[in-house]
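Participant: If it helps, the file is called model_37.pdb and holds PDB, C-alpha atoms and all ligand atoms:
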```pdb
ATOM      1  CA  MET N 220     119.934 119.784 104.633  1.00  0.00           C
ATOM      2  CA  PRO N 221     121.827 117.509 107.026  1.00  0.00           C
ATOM      3  CA  LYS N 222     124.813 115.788 105.527  1.00  0.00           C
ATOM      4  CA  VAL N 223     125.789 112.200 106.305  1.00  0.00           C
ATOM      5  CA  LYS N 224     129.333 112.044 107.645  1.00  0.00           C
ATOM      6  CA  HIS N 225     129.937 108.324 107.827  1.00  0.00           C
ATOM      7  CA  ARG N 226     128.400 105.338 106.206  1.00  0.00           C
ATOM      8  CA  HIS N 227     126.980 102.803 108.616  1.00  0.00           C
ATOM      9  CA  SER N 228     126.092  99.171 108.125  1.00  0.00           C
ATOM     10  CA  LYS N 229     122.751  97.821 106.915  1.00  0.00           C
ATOM     11  CA  ALA N 230     122.362  96.133 110.301  1.00  0.00           C
ATOM     12  CA  ARG N 231     122.746  99.411 112.145  1.00  0.00           C
ATOM     13  CA  GLY N 232     119.994 101.070 110.166  1.00  0.00           C
ATOM     14  CA  ARG N 233     117.790  98.014 110.502  1.00  0.00           C
ATOM     15  CA  LYS N 234     118.347  97.867 114.261  1.00  0.00           C
ATOM     16  CA  ARG N 235     117.194 101.478 114.555  1.00  0.00           C
ATOM     17  CA  ARG N 236     114.123 100.732 112.449  1.00  0.00           C
ATOM     18  CA  THR N 237     113.027  97.862 114.716  1.00  0.00           C
ATOM     19  CA  HIS N 238     111.418 100.562 116.855  1.00  0.00           C
ATOM     20  CA  TYR N 239     109.219 101.782 113.984  1.00  0.00           C
ATOM     21  CA  LYS N 240     105.938 100.051 114.658  1.00  0.00           C
ATOM     22  CA  ALA N 241     102.381 100.547 113.533  1.00  0.00           C
ATOM     23  CA  THR N 242     100.013 101.122 116.424  1.00  0.00           C
ATOM     24  CA  ALA N 243      96.528  99.679 116.510  1.00  0.00           C
ATOM     25  CA  PRO N 244      93.832 102.248 115.657  1.00  0.00           C
ATOM     26  CA  ALA N 245      91.696 103.585 118.508  1.00  0.00           C
ATOM     27  CA  MET N 246      88.476 101.596 118.371  1.00  0.00           C
ATOM     28  CA  VAL N 247      85.219 102.572 119.999  1.00  0.00           C
ATOM     29  CA  LYS N 248      81.772 101.002 120.092  1.00  0.00           C
ATOM     30  CA  CYS N 249      79.283 102.439 117.612  1.00  0.00           C
ATOM     31  CA  THR N 250      76.412 104.127 119.468  1.00  0.00           C
ATOM     32  CA  GLN N 251      73.981 102.995 116.741  1.00  0.00           C
ATOM     33  CA  CYS N 252      74.794  99.353 116.100  1.00  0.00           C
ATOM     34  CA  GLY N 253      77.264  98.583 118.912  1.00  0.00           C
ATOM     35  CA  LYS N 254      79.922  97.180 116.606  1.00  0.00           C
ATOM     36  CA  LEU N 255      83.543  98.301 116.905  1.00  0.00           C
ATOM     37  CA  LYS N 256      84.524 101.225 114.701  1.00  0.00           C
ATOM     38  CA  LYS N 257      87.396 103.666 114.448  1.00  0.00           C
ATOM     39  CA  SER N 258      87.041 106.745 116.581  1.00  0.00           C
ATOM     40  CA  HIS N 259      85.993 109.965 114.748  1.00  0.00           C
ATOM     41  CA  GLU N 260      84.972 108.053 111.627  1.00  0.00           C
ATOM     42  CA  ILE N 261      81.687 107.036 110.033  1.00  0.00           C
ATOM     43  CA  CYS N 262      80.657 103.562 111.173  1.00  0.00           C
ATOM     44  CA  PRO N 263      81.411 101.135 108.303  1.00  0.00           C
ATOM     45  CA  HIS N 264      78.629  98.796 109.466  1.00  0.00           C
ATOM     46  CA  CYS N 265      75.624 101.130 109.660  1.00  0.00           C
ATOM     47  CA  GLY N 266      76.867 104.425 108.126  1.00  0.00           C
ATOM     48  CA  TYR N 267      76.018 106.503 111.183  1.00  0.00           C
ATOM     49  CA  TYR N 268      78.062 109.324 112.616  1.00  0.00           C
ATOM     50  CA  ASP N 269      77.133 111.548 115.559  1.00  0.00           C
ATOM     51  CA  GLY N 270      73.691 109.948 115.848  1.00  0.00           C
ATOM     52  CA  ARG N 271      72.580 110.427 112.251  1.00  0.00           C
ATOM     53  CA  GLN N 272      72.937 108.440 109.040  1.00  0.00           C
ATOM     54  CA  VAL N 273      75.626 109.973 106.859  1.00  0.00           C
ATOM     55  CA  LYS N 274      76.243 107.164 104.403  1.00  0.00           C
ATOM     56  CA  ARG N 275      73.997 104.450 103.031  1.00  0.00           C
ATOM     57  CA  ILE N 276      75.455 101.000 103.607  1.00  0.00           C
ATOM     58  CA  GLU N 277      74.461  98.346 101.069  1.00  0.00           C
ATOM     59  CA  THR N 278      73.191  95.058 102.425  1.00  0.00           C
ATOM     60  CA  ILE N 279      74.785  91.785 101.391  1.00  0.00           C
ATOM     61  CA  GLU N 280      71.811  91.049  99.108  1.00  0.00           C
ATOM     62  CA  GLU N 281      72.164  94.407  97.356  1.00  0.00           C
ATOM     63  CA  ARG N 282      75.873  93.856  96.835  1.00  0.00           C
ATOM     64  CA  LYS N 283      75.208  90.377  95.446  1.00  0.00           C
ATOM     65  CA  ALA N 284      72.596  91.725  93.012  1.00  0.00           C
ATOM     66  CA  LYS N 285      74.996  94.426  91.866  1.00  0.00           C
ATOM     67  CA  ARG N 286      77.751  91.904  91.265  1.00  0.00           C
ATOM     68  CA  GLU N 287      75.484  89.641  89.226  1.00  0.00           C
ATOM     69  CA  LYS N 288      74.318  92.601  87.147  1.00  0.00           C
ATOM     70  CA  LYS N 289      77.939  93.488  86.407  1.00  0.00           C
ATOM     71  CA  GLN N 290      78.755  89.932  85.339  1.00  0.00           C
ATOM     72  CA  LYS N 291      75.801  89.819  82.965  1.00  0.00           C
ATOM     73  CA  ARG N 292      77.025  92.930  81.140  1.00  0.00           C
ATOM     74  CA  SER N 293      80.497  91.589  80.390  1.00  0.00           C
TER      75      SER N 293
HETATM   76 ZN    ZN N 301      77.319 101.441 113.507  1.00  0.00          ZN
END
```
Will you turn the file into structure tokens for me?
Facilitator:
Amino acid sequence: MPKVKHRHSKARGRKRRTHYKATAPAMVKCTQCGKLKKSHEICPHCGYYDGRQVKRIETIEERKAKREKKQKRS
């Protein structure tokens, strides 16, 4: 393990960390619905990947119905 020889100021460490930045994810157009999605991931809008449906995406109405059902129970 490397050993720290000298203490340095908070500012010095913070100055170094100003270069740590999050980069924007690579976005591509979905071939199915044309909306922007992350590359190499299932489309969150239509659930398609590589030209076939992998995941079922609930419509807004379905989500609403589910939510109301949940509220009735509690
Ligand atoms: Zn899509």
Participant: Go through the chains and note each residue within 9 Å of ligand ZN 301 (chain N), using only C-alpha atoms and all ligand atoms, then give the set as number ranges by chain.
Facilitator: N: 248-256, 261-268
Participant: One decimal, in Å: what's the spacing between CA of Lys257 (chain N) and CA of Pro244 (chain N)?
Facilitator: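 Between these atoms lies a distance of 6.7 Å.
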Participant: Can you work out the spacing between CA of Lys224 (chain N) and CA of Arg236 (chain N) in Å, to one decimal?
Facilitator: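 So the two atoms, CA of Lys224 (chain N) and CA of Arg236 (chain N), lie 19.6 Å apart.
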Participant: Separation of CA of Ser228 (chain N) and CA of Ala241 (chain N), in Å?
Facilitator: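 That distance, rounded to one decimal, is 24.4 Å.
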Participant: Please return the centre and edge lengths, in Å to one decimal, of a box with edges along x, y and z that contains all listed atoms of region 231-250 of chain N, widened by 6 Å on every side, as JSON.
Facilitator:
```
{"center_x": 99.6, "center_y": 101.0, "center_z": 115.1, "size_x": 58.3, "size_y": 18.3, "size_z": 21.9}
```
